[in-house]
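Coordinates from coords.cif are shown below (mmCIF, C-alpha atoms).
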data_final
#
loop_
_atom_site.group_PDB
_atom_site.id
_atom_site.type_symbol
_atom_site.label_atom_id
_atom_site.label_comp_id
_atom_site.auth_asym_id
_atom_site.auth_seq_id
_atom_site.Cartn_x
_atom_site.Cartn_y
_atom_site.Cartn_z
ATOM 1 C CA MET A 1 -20.171 -11.261 -2.122
ATOM 2 C CA THR A 2 -20.139 -13.807 0.729
ATOM 3 C CA ASN A 3 -17.230 -14.239 3.117
ATOM 4 C CA ALA A 4 -15.350 -17.194 1.662
ATOM 5 C CA ILE A 5 -13.232 -17.693 4.783
ATOM 6 C CA GLU A 6 -16.274 -18.256 6.998
ATOM 7 C CA ASN A 7 -17.775 -20.627 4.432
ATOM 8 C CA LEU A 8 -14.480 -22.456 4.091
ATOM 9 C CA PHE A 9 -14.230 -22.999 7.840
ATOM 10 C CA GLN A 10 -17.744 -24.390 7.978
ATOM 11 C CA SER A 11 -17.153 -26.810 5.118
ATOM 12 C CA SER A 12 -13.502 -27.804 5.522
ATOM 13 C CA GLY A 13 -13.811 -30.257 8.416
ATOM 14 C CA SER A 14 -10.084 -30.195 9.234
ATOM 15 C CA PRO A 15 -7.138 -27.786 9.495
ATOM 16 C CA ALA A 16 -5.492 -29.403 6.451
ATOM 17 C CA ASN A 17 -8.581 -28.947 4.287
ATOM 18 C CA PHE A 18 -8.961 -25.380 5.533
ATOM 19 C CA ALA A 19 -5.332 -24.693 4.590
ATOM 20 C CA LYS A 20 -5.802 -26.152 1.110
ATOM 21 C CA GLY A 21 -8.991 -24.166 0.600
ATOM 22 C CA TYR A 22 -7.445 -20.917 1.845
ATOM 23 C CA ILE A 23 -4.478 -21.286 -0.504
ATOM 24 C CA ALA A 24 -6.787 -22.027 -3.426
ATOM 25 C CA HIS A 25 -8.950 -19.010 -2.593
ATOM 26 C CA LEU A 26 -5.940 -16.709 -2.280
ATOM 27 C CA SER A 27 -4.557 -17.997 -5.580
ATOM 28 C CA LYS A 28 -7.851 -17.122 -7.283
ATOM 29 C CA ILE A 29 -7.771 -13.617 -5.799
ATOM 30 C CA LEU A 30 -4.195 -13.055 -6.960
ATOM 31 C CA ARG A 31 -5.018 -14.175 -10.494
ATOM 32 C CA SER A 32 -7.775 -11.547 -10.617
ATOM 33 C CA LEU A 33 -5.467 -8.598 -9.844
ATOM 34 C CA ASP A 34 -5.166 -5.937 -12.534
ATOM 35 C CA ALA A 35 -1.589 -6.073 -13.863
ATOM 36 C CA ASP A 36 -2.057 -2.734 -15.630
ATOM 37 C CA ALA A 37 -3.023 -1.048 -12.348
ATOM 38 C CA ILE A 38 0.060 -2.542 -10.691
ATOM 39 C CA ALA A 39 2.198 -1.255 -13.565
ATOM 40 C CA SER A 40 0.696 2.221 -13.134
ATOM 41 C CA PHE A 41 1.640 2.149 -9.446
ATOM 42 C CA ILE A 42 5.201 1.186 -10.331
ATOM 43 C CA GLU A 43 5.423 4.008 -12.868
ATOM 44 C CA ILE A 44 4.193 6.493 -10.257
ATOM 45 C CA LEU A 45 6.944 5.388 -7.878
ATOM 46 C CA LEU A 46 9.595 5.723 -10.585
ATOM 47 C CA ARG A 47 8.383 9.212 -11.507
ATOM 48 C CA ALA A 48 8.444 10.233 -7.835
ATOM 49 C CA ARG A 49 12.056 9.094 -7.613
ATOM 50 C CA ASP A 50 12.983 11.038 -10.758
ATOM 51 C CA SER A 51 11.410 14.225 -9.368
ATOM 52 C CA GLU A 52 12.779 13.624 -5.846
ATOM 53 C CA ASN A 53 9.293 13.566 -4.380
ATOM 54 C CA THR A 54 8.379 11.616 -1.267
ATOM 55 C CA VAL A 55 6.089 8.586 -1.212
ATOM 56 C CA PHE A 56 4.020 8.399 1.980
ATOM 57 C CA PHE A 57 2.428 5.099 3.025
ATOM 58 C CA LEU A 58 -0.336 4.835 5.620
ATOM 59 C CA GLY A 59 -2.900 2.416 7.022
ATOM 60 C CA ASN A 60 -4.340 0.945 10.231
ATOM 61 C CA GLY A 61 -3.782 -2.372 11.986
ATOM 62 C CA GLY A 62 -2.403 -4.977 9.598
ATOM 63 C CA SER A 63 -2.313 -2.291 6.929
ATOM 64 C CA ALA A 64 -0.081 -0.195 9.206
ATOM 65 C CA ALA A 65 2.401 -3.069 9.214
ATOM 66 C CA THR A 66 2.127 -3.300 5.427
ATOM 67 C CA SER A 67 2.743 0.435 5.219
ATOM 68 C CA SER A 68 5.973 0.047 7.200
ATOM 69 C CA HIS A 69 7.023 -2.940 5.123
ATOM 70 C CA PHE A 70 6.375 -1.081 1.854
ATOM 71 C CA ALA A 71 8.442 1.920 2.961
ATOM 72 C CA ASN A 72 11.298 -0.372 4.001
ATOM 73 C CA ASP A 73 11.303 -2.398 0.803
ATOM 74 C CA ILE A 74 11.193 0.626 -1.468
ATOM 75 C CA ALA A 75 13.500 3.019 0.418
ATOM 76 C CA VAL A 76 16.066 0.496 1.657
ATOM 77 C CA GLY A 77 15.314 -2.764 -0.147
ATOM 78 C CA THR A 78 15.986 -1.293 -3.587
ATOM 79 C CA ARG A 79 19.563 -0.597 -2.441
ATOM 80 C CA SER A 80 19.823 2.569 -4.493
ATOM 81 C CA THR A 81 21.772 5.302 -2.702
ATOM 82 C CA ARG A 82 22.848 6.986 -5.924
ATOM 83 C CA LYS A 83 19.254 7.688 -6.895
ATOM 84 C CA PRO A 84 17.079 6.730 -3.915
ATOM 85 C CA PHE A 85 13.374 6.336 -3.416
ATOM 86 C CA ARG A 86 12.173 8.721 -0.714
ATOM 87 C CA ALA A 87 9.626 6.460 0.976
ATOM 88 C CA VAL A 88 8.169 7.093 4.437
ATOM 89 C CA SER A 89 5.548 5.258 6.484
ATOM 90 C CA LEU A 90 3.337 7.584 8.536
ATOM 91 C CA THR A 91 2.581 4.683 10.887
ATOM 92 C CA ASP A 92 6.085 4.431 12.338
ATOM 93 C CA ASN A 93 6.292 7.319 14.825
ATOM 94 C CA VAL A 94 4.219 6.235 17.832
ATOM 95 C CA ALA A 95 4.857 9.477 19.714
ATOM 96 C CA VAL A 96 3.567 11.594 16.841
ATOM 97 C CA MET A 97 0.512 9.409 16.202
ATOM 98 C CA THR A 98 -0.514 9.273 19.854
ATOM 99 C CA ALA A 99 0.048 13.006 20.328
ATOM 100 C CA ILE A 100 -2.225 13.797 17.395
ATOM 101 C CA ALA A 101 -4.814 11.218 18.476
ATOM 102 C CA ASN A 102 -4.798 12.565 22.050
ATOM 103 C CA ASP A 103 -4.720 16.280 21.281
ATOM 104 C CA TYR A 104 -6.842 16.345 18.125
ATOM 105 C CA SER A 105 -8.470 13.148 16.843
ATOM 106 C CA TYR A 106 -7.477 9.661 15.748
ATOM 107 C CA ASP A 107 -9.028 10.540 12.408
ATOM 108 C CA ASP A 108 -6.277 13.163 11.973
ATOM 109 C CA ILE A 109 -3.179 11.043 12.704
ATOM 110 C CA PHE A 110 -2.144 10.926 9.045
ATOM 111 C CA LEU A 111 -3.662 14.218 7.900
ATOM 112 C CA LEU A 112 -1.653 16.361 10.317
ATOM 113 C CA GLN A 113 1.575 14.553 9.501
ATOM 114 C CA LEU A 114 0.976 15.344 5.839
ATOM 115 C CA LYS A 115 0.277 18.988 6.649
ATOM 116 C CA TYR A 116 3.774 19.194 8.160
ATOM 117 C CA GLN A 117 5.641 17.129 5.562
ATOM 118 C CA PHE A 118 3.734 17.005 2.264
ATOM 119 C CA ARG A 119 4.957 18.876 -0.798
ATOM 120 C CA GLU A 120 3.250 19.318 -4.148
ATOM 121 C CA GLY A 121 3.964 16.309 -6.358
ATOM 122 C CA ASP A 122 4.388 13.865 -3.482
ATOM 123 C CA VAL A 123 2.635 10.489 -3.568
ATOM 124 C CA VAL A 124 0.301 9.270 -0.833
ATOM 125 C CA VAL A 125 -0.514 5.555 -0.731
ATOM 126 C CA GLY A 126 -3.530 4.645 1.391
ATOM 127 C CA ILE A 127 -3.808 0.983 2.403
ATOM 128 C CA SER A 128 -7.186 -0.170 3.709
ATOM 129 C CA ALA A 129 -9.017 -3.469 3.347
ATOM 130 C CA SER A 130 -12.442 -1.852 3.721
ATOM 131 C CA GLY A 131 -11.472 1.353 1.949
ATOM 132 C CA ASN A 132 -13.473 3.311 4.517
ATOM 133 C CA SER A 133 -11.011 4.166 7.317
ATOM 134 C CA PRO A 134 -11.704 7.854 8.122
ATOM 135 C CA ASN A 135 -8.056 8.728 8.805
ATOM 136 C CA VAL A 136 -6.980 7.207 5.485
ATOM 137 C CA ILE A 137 -9.739 8.990 3.579
ATOM 138 C CA LYS A 138 -8.879 12.382 5.132
ATOM 139 C CA ALA A 139 -5.219 11.979 4.177
ATOM 140 C CA ILE A 140 -6.080 11.031 0.598
ATOM 141 C CA GLU A 141 -8.481 13.949 0.230
ATOM 142 C CA TYR A 142 -5.779 16.337 1.491
ATOM 143 C CA ALA A 143 -3.238 15.020 -1.010
ATOM 144 C CA ASN A 144 -5.769 15.220 -3.844
ATOM 145 C CA SER A 145 -6.462 18.864 -2.972
ATOM 146 C CA ASN A 146 -2.818 19.865 -2.716
ATOM 147 C CA GLY A 147 -1.231 18.620 -5.920
ATOM 148 C CA GLY A 148 -0.397 15.084 -4.858
ATOM 149 C CA HIS A 149 -0.798 11.772 -6.600
ATOM 150 C CA THR A 150 -2.864 9.301 -4.620
ATOM 151 C CA VAL A 151 -2.826 5.511 -4.770
ATOM 152 C CA GLY A 152 -5.245 3.204 -2.989
ATOM 153 C CA LEU A 153 -4.690 -0.440 -2.065
ATOM 154 C CA SER A 154 -8.120 -1.694 -1.075
ATOM 155 C CA GLY A 155 -10.177 -4.847 -0.617
ATOM 156 C CA PHE A 156 -13.799 -5.989 -0.258
ATOM 157 C CA ASP A 157 -15.753 -3.643 -2.594
ATOM 158 C CA GLY A 158 -13.087 -0.922 -2.369
ATOM 159 C CA GLY A 159 -15.150 1.479 -0.285
ATOM 160 C CA ARG A 160 -14.626 5.218 -0.550
ATOM 161 C CA LEU A 161 -10.868 4.850 -1.030
ATOM 162 C CA ARG A 162 -11.294 3.145 -4.386
ATOM 163 C CA GLN A 163 -13.575 5.961 -5.542
ATOM 164 C CA ILE A 164 -11.372 8.938 -4.659
ATOM 165 C CA VAL A 165 -7.788 7.861 -5.408
ATOM 166 C CA LYS A 166 -6.204 8.710 -8.720
ATOM 167 C CA THR A 167 -4.774 5.184 -9.077
ATOM 168 C CA SER A 168 -6.470 2.142 -7.576
ATOM 169 C CA VAL A 169 -5.009 -1.326 -7.058
ATOM 170 C CA HIS A 170 -8.011 -3.247 -5.813
ATOM 171 C CA VAL A 171 -8.262 -6.734 -4.283
ATOM 172 C CA GLN A 172 -11.834 -7.914 -4.881
ATOM 173 C CA THR A 173 -13.098 -10.111 -2.025
ATOM 174 C CA GLY A 174 -16.121 -10.681 0.142
ATOM 175 C CA LYS A 175 -16.712 -8.251 2.991
ATOM 176 C CA GLY A 176 -14.651 -9.084 6.041
ATOM 177 C CA GLU A 177 -11.970 -11.145 4.281
ATOM 178 C CA TYR A 178 -9.148 -9.218 5.927
ATOM 179 C CA GLY A 179 -6.626 -12.047 5.748
ATOM 180 C CA PRO A 180 -6.693 -12.597 1.986
ATOM 181 C CA VAL A 181 -6.759 -8.847 1.287
ATOM 182 C CA GLU A 182 -3.760 -8.168 3.511
ATOM 183 C CA ASP A 183 -1.986 -11.222 2.068
ATOM 184 C CA ALA A 184 -2.461 -9.797 -1.419
ATOM 185 C CA HIS A 185 -1.264 -6.346 -0.346
ATOM 186 C CA MET A 186 1.940 -7.863 1.026
ATOM 187 C CA ILE A 187 2.484 -9.811 -2.181
ATOM 188 C CA LEU A 188 2.061 -6.524 -4.064
ATOM 189 C CA ASP A 189 4.751 -5.061 -1.824
ATOM 190 C CA HIS A 190 7.196 -7.822 -2.698
ATOM 191 C CA LEU A 191 6.233 -7.837 -6.381
ATOM 192 C CA ILE A 192 6.717 -4.080 -6.713
ATOM 193 C CA GLY A 193 9.765 -3.950 -4.471
ATOM 194 C CA GLY A 194 11.348 -6.823 -6.386
ATOM 195 C CA PHE A 195 10.804 -5.089 -9.710
ATOM 196 C CA LEU A 196 12.204 -1.786 -8.463
ATOM 197 C CA MET A 197 15.239 -3.531 -6.995
ATOM 198 C CA GLN A 198 16.008 -5.016 -10.394
ATOM 199 C CA VAL A 199 15.575 -1.613 -12.044
ATOM 200 C CA CYS A 200 18.076 -0.090 -9.624
ATOM 201 C CA ARG A 201 20.470 -3.005 -10.039
ATOM 202 C CA ALA A 202 20.384 -2.610 -13.831
ATOM 203 C CA GLU A 203 21.052 1.128 -13.504
ATOM 204 C CA THR A 204 24.050 0.478 -11.262
ATOM 205 C CA ALA A 205 25.459 -2.068 -13.701
ATOM 206 C CA GLU A 206 25.033 0.395 -16.568
ATOM 207 C CA VAL A 207 26.924 3.110 -14.692
ATOM 208 C CA ARG A 208 29.758 0.716 -13.872
ATOM 209 C CA SER A 209 30.055 -0.313 -17.505
ATOM 210 C CA GLU A 210 30.395 3.234 -18.781
ATOM 211 C CA PRO A 211 33.926 4.137 -19.986
#

Encoding of this model in structure tokens:
Amino acid sequence: MTNAIENLFQSSGSPANFAKGYIAHLSKILRSLDADAIASFIEILLRARDSENTVFFLGNGGSAATSSHFANDIAVGTRSTRKPFRAVSLTDNVAVMTAIANDYSYDDIFLLQLKYQFREGDVVVGISASGNSPNVIKAIEYANSNGGHTVGLSGFDGGRLRQIVKTSVHVQTGKGEYGPVEDAHMILDHLIGGFLMQVCRAETAEVRSEP
């Protein structure tokens, strides 16, 4: 699959045309997302909450920011203190990540955090546009081998991540289309977070209405 962003730049002729083309391309990508896969991800998060398991998010670069945003929107944004989501981003502790990278390997920055914190039944969500980031893959393989449920948010052709996770939410694009992939991942964050917020709000209303 060719890189549509490069082709769009070459053919657009102006910033306005590029903007229109980018929006149209992103809209096409979003329409191609698998709603059933998204629903499966939501169900995994709800089951983790019911069993009081932790959901770990991880990724590099822009995906690290998405990881932080996901953890915020699910743990805090759902506004459920009575029955909370235990969501953590493994990208948020700079001291821990740099210590592991310096003393061991950058490829182990998520793996070692999981070895300290992971419990059987926890969920690990790997976010990677290419699907081939070694530190993401090592973390997913660890969770798979230790009784975890793994979810992959990928792009391009999905890479290794798409092959090894138990649940895949894939954004099909040309290789190198980081922007559209990361855009779609953030929309997934807000879609899923918005749904879970409404679930929690409905639960709170039900409790208040009980005699």

Quick one: residues within 6 Å of stretch 116-124 of chain A, all atoms listed in the file counted, chain neighbours fewer than 3 positions away excluded, as a ChimeraX atom specification? /A:53-56,113,147-150

Can you list what the PyMOL selection byres ((chain A and resi 52) around 9) grabs from this structure, as a ChimeraX atom specification? /A:47-51,53-54,83-86,122

Give me the residues near stretch 31-40 of chain A as a PyMOL selection string, where near means some atom within 7 Å (using all atoms listed in the file) and where sequence neighbours in that chain fewer than 2 positions away do not count. chain A and resi 27-29+42-44+168-169+171

Can you tell me, as a VMD selection string, what residues are no more than 12 Å from stretch 182-188 of chain A when counting all atoms listed in the file, ignoring any on the same chain fewer than 3 positions away? chain A and resid 22 to 23 25 to 35 37 to 39 41 to 42 59 to 71 73 to 74 125 to 130 152 to 156 169 to 173 176 to 179 191 to 195

Report, in Å with one decimal, the straight-line distance from atom CA of A:Ser145 to atom CA of A:Ser133.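 So the answer is 18.5 Å.
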
Do you have the atom CA of A:Asn132-atom CA of A:Leu58 distance handy?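 The value is 13.3 Å.
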
Could you spell out the hits of the PyMOL selection byres ((chain A and resi 135) around 8) on the shown file, as a list in words?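 Expected selection for the PyMOL selection byres ((chain A and resi 135) around 8) here is Tyr106, Asp107, Asp108, Ile109, Phe110, Leu111, Ser133, Pro134, Val136, Ile137, Lys138 and Ala139 of chain A.
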
Can you write out the residues you just picked, keeping C-alpha atoms, as a PDB file, in the frame of the given file?
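The resulting result_18.pdb:
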ATOM      1  CA  TYR A 106      -7.477   9.661  15.748  1.00  0.00           C
ATOM      2  CA  ASP A 107      -9.028  10.540  12.408  1.00  0.00           C
ATOM      3  CA  ASP A 108      -6.277  13.163  11.973  1.00  0.00           C
ATOM      4  CA  ILE A 109      -3.179  11.043  12.704  1.00  0.00           C
ATOM      5  CA  PHE A 110      -2.144  10.926   9.045  1.00  0.00           C
ATOM      6  CA  LEU A 111      -3.662  14.218   7.900  1.00  0.00           C
ATOM      7  CA  SER A 133     -11.011   4.166   7.317  1.00  0.00           C
ATOM      8  CA  PRO A 134     -11.704   7.854   8.122  1.00  0.00           C
ATOM      9  CA  VAL A 136      -6.980   7.207   5.485  1.00  0.00           C
ATOM     10  CA  ILE A 137      -9.739   8.990   3.579  1.00  0.00           C
ATOM     11  CA  LYS A 138      -8.879  12.382   5.132  1.00  0.00           C
ATOM     12  CA  ALA A 139      -5.219  11.979   4.177  1.00  0.00           C
TER      13      ALA A 139
END

Interatomic distance, atom CA of A:Val165 to atom CA of A:Ser105 (Å, one decimal): 22.9 Å

How big is the axis-aligned box around the listed atoms of stretch 91-105 of chain A once 6 Å is added on each side, and where is its centre? Give both in Å to one decimal, as lines of an AutoDock Vina configuration file.
center_x = -1.1
center_y = 10.4
center_z = 16.5
size_x = 26.8
size_y = 23.9
size_z = 23.2

Could you tell me, as a PyMOL selection string, which residues have any atom at most 10 Å from (22.4, 5.0, -11.2), counting all atoms listed in the file? chain A and resi 80-84+199-208

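You can rank A:Gly77, A:Val96, A:Asn7, A:Phe57 by their closest distance to A:His190 using all atoms listed in the file, and at the top of that list sits A:Gly77.
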
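Between A:Glu141 and the candidates A:Ser89, A:Asp157, A:Tyr104, A:Ile164, the tightest atom-to-atom separation, counting all atoms listed in the file, involves A:Ile164.
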